[in-house]
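Undergrad: Mind looking over this structure? Questions follow.
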Amino acid sequence: MDAHIEEELINEYIHKIQALAVLALYGQNVDSSIKSVISEACYFFFLQRSDATANLVAFQSRLTKMANVVHYSLPEYKKPLEYAASLVAIYPL
């Protein structure tokens with residue numbers, strides 16, 4: 001049986017990280033805000049009835065894929081996405 005992935009919750013946190021990445025384009029330091037969003041996301045994934053590990057893997061994977069397709073001329077946008085993906089802690093339950 002495949003694990004249920006909380007797409008709506010993942011999308012909500014992806015959008016928050018994307019908004020912070022846009023602020024980074026304008027020179028704002030968003031590291032602490034990203035830490036906060038990732039911490040909140042991980043907390044809520046663990047509260048869901050579905051598989052927390054599967055949701056965290058899906059969340060991290062989406063952040064990594066987004067960072068990998070950012071145009072080379074936008075390193076200020078790419079860095080927050082990579083940083084966010086690096087903060088997602090995945091522990092098998």
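Just so we're on the same page: first chain in the structure tokens is A, next is B, and so on; residues restart at 1 for each chain, and ligands are numbered from 1 in the order they show up.
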Would you please extract all alpha helix (DSSP H) residues from chain A, as assigned by DSSP on the backbone, and give them as a ChimeraX atom specification?
TA: /A:7-25,31-47,52-68,75-87
Undergrad: At a cut-off of 12 Å, using only C-alpha atoms, what residues contact Phe46 of chain A? Leave out same-chain residues fewer than 4 positions from it and give the result as a list of chain:residue names.
TA: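 The filter keeps A:Glu6, A:Leu9, A:Ser39, A:Glu40, A:Ala41, A:Cys42, A:Ser50, A:Asp51, A:Ala52, A:Thr53, A:Ala54, A:Asn55, A:Leu56, A:Ala89, A:Ile90, A:Tyr91, A:Pro92, A:Leu93.
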Undergrad: Find the spatial neighbours of segment 78-80 of chain A, counting only C-alpha atoms, within a cut-off of 12 Å - ignore same-chain residues fewer than 3 positions away - and output them as a PDB file with N, CA, C and O atoms, in the first residue's frame.
TA:
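File produced: part23.pdb:
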```
ATOM      1  N   ILE A  14       5.403  24.850   0.536  1.00  0.00           N
ATOM      2  CA  ILE A  14       6.200  25.182  -0.660  1.00  0.00           C
ATOM      3  C   ILE A  14       5.966  26.647  -1.026  1.00  0.00           C
ATOM      4  O   ILE A  14       6.911  27.387  -1.316  1.00  0.00           O
ATOM      5  N   LYS A  16       5.060  29.088   0.919  1.00  0.00           N
ATOM      6  CA  LYS A  16       5.703  29.947   1.911  1.00  0.00           C
ATOM      7  C   LYS A  16       7.200  30.080   1.632  1.00  0.00           C
ATOM      8  O   LYS A  16       7.763  31.181   1.719  1.00  0.00           O
ATOM      9  N   ILE A  17       7.831  28.975   1.294  1.00  0.00           N
ATOM     10  CA  ILE A  17       9.271  29.004   0.989  1.00  0.00           C
ATOM     11  C   ILE A  17       9.527  29.793  -0.293  1.00  0.00           C
ATOM     12  O   ILE A  17      10.484  30.572  -0.375  1.00  0.00           O
ATOM     13  N   GLN A  18       8.674  29.624  -1.293  1.00  0.00           N
ATOM     14  CA  GLN A  18       8.835  30.382  -2.533  1.00  0.00           C
ATOM     15  C   GLN A  18       8.716  31.885  -2.280  1.00  0.00           C
ATOM     16  O   GLN A  18       9.472  32.673  -2.849  1.00  0.00           O
ATOM     17  N   ALA A  19       7.778  32.275  -1.430  1.00  0.00           N
ATOM     18  CA  ALA A  19       7.610  33.695  -1.113  1.00  0.00           C
ATOM     19  C   ALA A  19       8.863  34.241  -0.435  1.00  0.00           C
ATOM     20  O   ALA A  19       9.300  35.365  -0.723  1.00  0.00           O
ATOM     21  N   LEU A  20       9.456  33.452   0.442  1.00  0.00           N
ATOM     22  CA  LEU A  20      10.694  33.874   1.093  1.00  0.00           C
ATOM     23  C   LEU A  20      11.847  33.949   0.091  1.00  0.00           C
ATOM     24  O   LEU A  20      12.694  34.843   0.173  1.00  0.00           O
ATOM     25  N   ALA A  21      11.878  33.028  -0.866  1.00  0.00           N
ATOM     26  CA  ALA A  21      12.921  33.053  -1.895  1.00  0.00           C
ATOM     27  C   ALA A  21      12.812  34.322  -2.740  1.00  0.00           C
ATOM     28  O   ALA A  21      13.837  34.898  -3.136  1.00  0.00           O
ATOM     29  N   VAL A  22      11.593  34.773  -2.987  1.00  0.00           N
ATOM     30  CA  VAL A  22      11.409  36.026  -3.733  1.00  0.00           C
ATOM     31  C   VAL A  22      11.962  37.192  -2.924  1.00  0.00           C
ATOM     32  O   VAL A  22      12.624  38.079  -3.472  1.00  0.00           O
ATOM     33  N   LEU A  23      11.699  37.196  -1.620  1.00  0.00           N
ATOM     34  CA  LEU A  23      12.256  38.261  -0.776  1.00  0.00           C
ATOM     35  C   LEU A  23      13.783  38.245  -0.806  1.00  0.00           C
ATOM     36  O   LEU A  23      14.421  39.299  -0.772  1.00  0.00           O
ATOM     37  N   ALA A  24      14.351  37.060  -0.876  1.00  0.00           N
ATOM     38  CA  ALA A  24      15.810  36.936  -0.960  1.00  0.00           C
ATOM     39  C   ALA A  24      16.346  37.560  -2.247  1.00  0.00           C
ATOM     40  O   ALA A  24      17.461  38.087  -2.267  1.00  0.00           O
ATOM     41  N   LEU A  25      15.556  37.506  -3.315  1.00  0.00           N
ATOM     42  CA  LEU A  25      15.960  38.151  -4.574  1.00  0.00           C
ATOM     43  C   LEU A  25      16.185  39.646  -4.380  1.00  0.00           C
ATOM     44  O   LEU A  25      16.990  40.256  -5.070  1.00  0.00           O
ATOM     45  N   GLY A  27      17.326  40.978  -1.665  1.00  0.00           N
ATOM     46  CA  GLY A  27      18.381  41.207  -0.701  1.00  0.00           C
ATOM     47  C   GLY A  27      18.024  40.977   0.752  1.00  0.00           C
ATOM     48  O   GLY A  27      18.837  41.208   1.632  1.00  0.00           O
ATOM     49  N   GLN A  28      16.819  40.528   1.014  1.00  0.00           N
ATOM     50  CA  GLN A  28      16.427  40.296   2.404  1.00  0.00           C
ATOM     51  C   GLN A  28      17.020  38.980   2.917  1.00  0.00           C
ATOM     52  O   GLN A  28      17.035  37.984   2.199  1.00  0.00           O
ATOM     53  N   ASN A  29      17.509  38.992   4.151  1.00  0.00           N
ATOM     54  CA  ASN A  29      17.999  37.765   4.778  1.00  0.00           C
ATOM     55  C   ASN A  29      16.792  36.981   5.285  1.00  0.00           C
ATOM     56  O   ASN A  29      16.091  37.441   6.189  1.00  0.00           O
ATOM     57  N   VAL A  30      16.569  35.805   4.714  1.00  0.00           N
ATOM     58  CA  VAL A  30      15.376  35.020   5.040  1.00  0.00           C
ATOM     59  C   VAL A  30      15.704  33.720   5.773  1.00  0.00           C
ATOM     60  O   VAL A  30      14.821  32.898   5.990  1.00  0.00           O
ATOM     61  N   ASP A  31      16.954  33.544   6.178  1.00  0.00           N
ATOM     62  CA  ASP A  31      17.363  32.286   6.805  1.00  0.00           C
ATOM     63  C   ASP A  31      16.533  31.937   8.040  1.00  0.00           C
ATOM     64  O   ASP A  31      16.057  30.813   8.180  1.00  0.00           O
ATOM     65  N   SER A  32      16.341  32.888   8.938  1.00  0.00           N
ATOM     66  CA  SER A  32      15.581  32.576  10.150  1.00  0.00           C
ATOM     67  C   SER A  32      14.114  32.310   9.837  1.00  0.00           C
ATOM     68  O   SER A  32      13.485  31.454  10.467  1.00  0.00           O
ATOM     69  N   SER A  33      13.575  32.996   8.860  1.00  0.00           N
ATOM     70  CA  SER A  33      12.184  32.756   8.452  1.00  0.00           C
ATOM     71  C   SER A  33      12.034  31.373   7.832  1.00  0.00           C
ATOM     72  O   SER A  33      11.036  30.677   8.062  1.00  0.00           O
ATOM     73  N   ILE A  34      13.031  30.954   7.057  1.00  0.00           N
ATOM     74  CA  ILE A  34      12.994  29.622   6.455  1.00  0.00           C
ATOM     75  C   ILE A  34      13.060  28.560   7.545  1.00  0.00           C
ATOM     76  O   ILE A  34      12.312  27.586   7.511  1.00  0.00           O
ATOM     77  N   LYS A  35      13.928  28.754   8.533  1.00  0.00           N
ATOM     78  CA  LYS A  35      14.009  27.807   9.653  1.00  0.00           C
ATOM     79  C   LYS A  35      12.658  27.668  10.339  1.00  0.00           C
ATOM     80  O   LYS A  35      12.230  26.576  10.687  1.00  0.00           O
ATOM     81  N   VAL A  37       9.613  28.280   9.061  1.00  0.00           N
ATOM     82  CA  VAL A  37       8.645  27.606   8.191  1.00  0.00           C
ATOM     83  C   VAL A  37       8.913  26.107   8.152  1.00  0.00           C
ATOM     84  O   VAL A  37       7.983  25.298   8.257  1.00  0.00           O
ATOM     85  N   ILE A  38      10.164  25.714   8.039  1.00  0.00           N
ATOM     86  CA  ILE A  38      10.503  24.291   7.984  1.00  0.00           C
ATOM     87  C   ILE A  38      10.165  23.617   9.310  1.00  0.00           C
ATOM     88  O   ILE A  38       9.620  22.508   9.338  1.00  0.00           O
ATOM     89  N   LEU A  63      11.268  20.558  -2.856  1.00  0.00           N
ATOM     90  CA  LEU A  63      12.159  21.704  -2.670  1.00  0.00           C
ATOM     91  C   LEU A  63      13.447  21.527  -3.468  1.00  0.00           C
ATOM     92  O   LEU A  63      13.918  22.458  -4.126  1.00  0.00           O
ATOM     93  N   THR A  64      14.004  20.314  -3.424  1.00  0.00           N
ATOM     94  CA  THR A  64      15.243  20.025  -4.149  1.00  0.00           C
ATOM     95  C   THR A  64      15.040  20.150  -5.655  1.00  0.00           C
ATOM     96  O   THR A  64      15.863  20.758  -6.360  1.00  0.00           O
ATOM     97  N   LYS A  65      13.941  19.598  -6.164  1.00  0.00           N
ATOM     98  CA  LYS A  65      13.659  19.690  -7.605  1.00  0.00           C
ATOM     99  C   LYS A  65      13.470  21.132  -8.040  1.00  0.00           C
ATOM    100  O   LYS A  65      13.952  21.535  -9.106  1.00  0.00           O
ATOM    101  N   MET A  66      12.778  21.910  -7.213  1.00  0.00           N
ATOM    102  CA  MET A  66      12.590  23.326  -7.548  1.00  0.00           C
ATOM    103  C   MET A  66      13.929  24.051  -7.611  1.00  0.00           C
ATOM    104  O   MET A  66      14.168  24.838  -8.524  1.00  0.00           O
ATOM    105  N   ALA A  67      14.786  23.785  -6.637  1.00  0.00           N
ATOM    106  CA  ALA A  67      16.107  24.426  -6.630  1.00  0.00           C
ATOM    107  C   ALA A  67      16.929  24.016  -7.847  1.00  0.00           C
ATOM    108  O   ALA A  67      17.649  24.840  -8.421  1.00  0.00           O
ATOM    109  N   ASN A  68      16.808  22.770  -8.257  1.00  0.00           N
ATOM    110  CA  ASN A  68      17.594  22.263  -9.385  1.00  0.00           C
ATOM    111  C   ASN A  68      17.195  22.855 -10.731  1.00  0.00           C
ATOM    112  O   ASN A  68      18.004  22.841 -11.659  1.00  0.00           O
ATOM    113  N   VAL A  69      15.983  23.372 -10.837  1.00  0.00           N
ATOM    114  CA  VAL A  69      15.538  23.917 -12.125  1.00  0.00           C
ATOM    115  C   VAL A  69      15.578  25.450 -12.185  1.00  0.00           C
ATOM    116  O   VAL A  69      15.220  26.031 -13.196  1.00  0.00           O
ATOM    117  N   VAL A  70      16.027  26.069 -11.102  1.00  0.00           N
ATOM    118  CA  VAL A  70      16.153  27.529 -11.103  1.00  0.00           C
ATOM    119  C   VAL A  70      17.252  27.935 -12.081  1.00  0.00           C
ATOM    120  O   VAL A  70      18.318  27.323 -12.122  1.00  0.00           O
ATOM    121  N   HIS A  71      16.975  28.951 -12.864  1.00  0.00           N
ATOM    122  CA  HIS A  71      17.936  29.443 -13.849  1.00  0.00           C
ATOM    123  C   HIS A  71      19.218  29.915 -13.143  1.00  0.00           C
ATOM    124  O   HIS A  71      19.165  30.501 -12.058  1.00  0.00           O
ATOM    125  N   TYR A  72      20.347  29.673 -13.781  1.00  0.00           N
ATOM    126  CA  TYR A  72      21.643  29.999 -13.183  1.00  0.00           C
ATOM    127  C   TYR A  72      21.793  31.493 -12.874  1.00  0.00           C
ATOM    128  O   TYR A  72      22.617  31.882 -12.056  1.00  0.00           O
ATOM    129  N   SER A  73      21.012  32.330 -13.516  1.00  0.00           N
ATOM    130  CA  SER A  73      21.109  33.769 -13.279  1.00  0.00           C
ATOM    131  C   SER A  73      20.373  34.212 -12.009  1.00  0.00           C
ATOM    132  O   SER A  73      20.376  35.396 -11.672  1.00  0.00           O
ATOM    133  N   LEU A  74      19.748  33.261 -11.301  1.00  0.00           N
ATOM    134  CA  LEU A  74      18.992  33.592 -10.092  1.00  0.00           C
ATOM    135  C   LEU A  74      19.510  32.852  -8.854  1.00  0.00           C
ATOM    136  O   LEU A  74      18.753  32.190  -8.147  1.00  0.00           O
ATOM    137  N   PRO A  75      20.800  32.982  -8.546  1.00  0.00           N
ATOM    138  CA  PRO A  75      21.331  32.261  -7.385  1.00  0.00           C
ATOM    139  C   PRO A  75      20.701  32.716  -6.061  1.00  0.00           C
ATOM    140  O   PRO A  75      20.610  31.937  -5.123  1.00  0.00           O
ATOM    141  N   TYR A  83      18.569  25.712   0.899  1.00  0.00           N
ATOM    142  CA  TYR A  83      18.685  25.786   2.350  1.00  0.00           C
ATOM    143  C   TYR A  83      17.470  25.131   3.020  1.00  0.00           C
ATOM    144  O   TYR A  83      17.614  24.344   3.962  1.00  0.00           O
ATOM    145  N   ALA A  84      16.294  25.432   2.518  1.00  0.00           N
ATOM    146  CA  ALA A  84      15.068  24.848   3.069  1.00  0.00           C
ATOM    147  C   ALA A  84      15.103  23.320   2.951  1.00  0.00           C
ATOM    148  O   ALA A  84      14.791  22.597   3.910  1.00  0.00           O
ATOM    149  N   ALA A  85      15.502  22.814   1.787  1.00  0.00           N
ATOM    150  CA  ALA A  85      15.571  21.366   1.587  1.00  0.00           C
ATOM    151  C   ALA A  85      16.571  20.729   2.546  1.00  0.00           C
ATOM    152  O   ALA A  85      16.334  19.640   3.063  1.00  0.00           O
ATOM    153  N   SER A  86      17.657  21.447   2.826  1.00  0.00           N
ATOM    154  CA  SER A  86      18.678  20.897   3.720  1.00  0.00           C
ATOM    155  C   SER A  86      18.202  20.832   5.173  1.00  0.00           C
ATOM    156  O   SER A  86      18.739  20.068   5.965  1.00  0.00           O
ATOM    157  N   LEU A  87      17.224  21.636   5.523  1.00  0.00           N
ATOM    158  CA  LEU A  87      16.718  21.663   6.894  1.00  0.00           C
ATOM    159  C   LEU A  87      15.668  20.597   7.194  1.00  0.00           C
ATOM    160  O   LEU A  87      15.383  20.343   8.361  1.00  0.00           O
TER     161      LEU A  87
END
```
Undergrad: Just to confirm, what's the straight-line distance from atom CA of Tyr26 of chain A to atom CA of Tyr43 of chain A in Å (one decimal)?
TA: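 It comes out at 29.2 Å.
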Undergrad: Please determine, counting only C-alpha atoms, which residue among A:Gln48, A:Tyr77, A:Ser36, A:Phe59 has the shortest atom-to-atom distance to Asn11 of chain A.
TA: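 Ranked by minimum distance to Asn11 of chain A, first place goes to A:Phe59.
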Undergrad: Between atom CA of Val57 of chain A and atom CA of Phe45 of chain A, measure the distance and give it in Å to one decimal.
TA: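 Calculated distance between atom CA of Val57 of chain A and atom CA of Phe45 of chain A is 10.7 Å.
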